[in-house]
Amino acid sequence: MEEHDKQHVTSYYTNGVILVVLLFLTFFSVFIAEFDLKALTLFVAISVATVKGSIVVMNFMHLRYEKKFTKYMVLGVFVLFAIVLIITFFDYWFR
């Protein structure tokens with residue numbers, strides 16, 4: 001039986017830890033929004049959202065247990081998204 005065909009059962013403890021981390025990051029993003037960080041505000045917000053999204057994709061969408069090809073495809077999408085964001089910010093900054 002291949003590794004992909006095995007069941008993926010996550011313990012309640014692991015789900016609880018993930019919940020606490022996601023809640024902490026949510027409260028952190030709300031807390032940091034109160035400060036005027038100028039150009040860093042958007043960078044911090046996108047960074048926190050990326051970390052939260054990565055946690056959700058790895059754990060709740062079971063990417064952690066997928067084959068390497070699928071992981072590389074998802075990584076490619078994230079890299080492409082980052083490139084589009086960088087190009088957009090350069091356009092925004094130099095107008």
# chains A, B, ... in the order shown; residues from 1 in each chain; ligands from 1
>>> select_by_dssp(residues="region 6-88 of chain A", states="alpha helix (DSSP H)", output="VMD selection string")
chain A and resid 12 to 32 40 to 59 68 to 88
>>> atom_distance(atom1="CA of Ala82 (chain A)", atom2="CA of Met58 (chain A)")
18.2 Å
>>> residues_around(residues="Val56 (chain A)", least_positions_apart="6", cutoff="9 Å", atoms="only C-alpha atoms", output="list in words")
Ile18, Leu22 and His62 of chain A
>>> write_last_selection(atoms="C-alpha atoms", output="CSV table (one decimal), in the first residue's frame")
chain,number,residue,atom,x,y,z
A,18,ILE,CA,-3.1,24.4,15.6
A,22,LEU,CA,-4.1,30.3,14.5
A,62,HIS,CA,-3.5,17.2,4.4
>>> residues_around(residues="region 41-43 of chain A", least_positions_apart="2", cutoff="12 Å", atoms="only C-alpha atoms", output="PyMOL selection string")
chain A and resi 29-39+45-50+82+85-86+89
>>> atom_distance(atom1="CA of Ser54 (chain A)", atom2="CA of Val74 (chain A)")
10.3 Å
>>> atom_distance(atom1="CA of Arg64 (chain A)", atom2="CA of Lys6 (chain A)")
12.7 Å
>>> closest_residue(among="A:Thr26, A:Leu40, A:Phe90, A:Asn59", to="Thr14 (chain A)", atoms="only C-alpha atoms")
A:Asn59
>>> residues_around(residues="Phe78 (chain A)", least_positions_apart="5", cutoff="12 Å", atoms="only C-alpha atoms", output="MDAnalysis selection string")
chainID A and resid 50:51 53:54 57 71:73 83:85
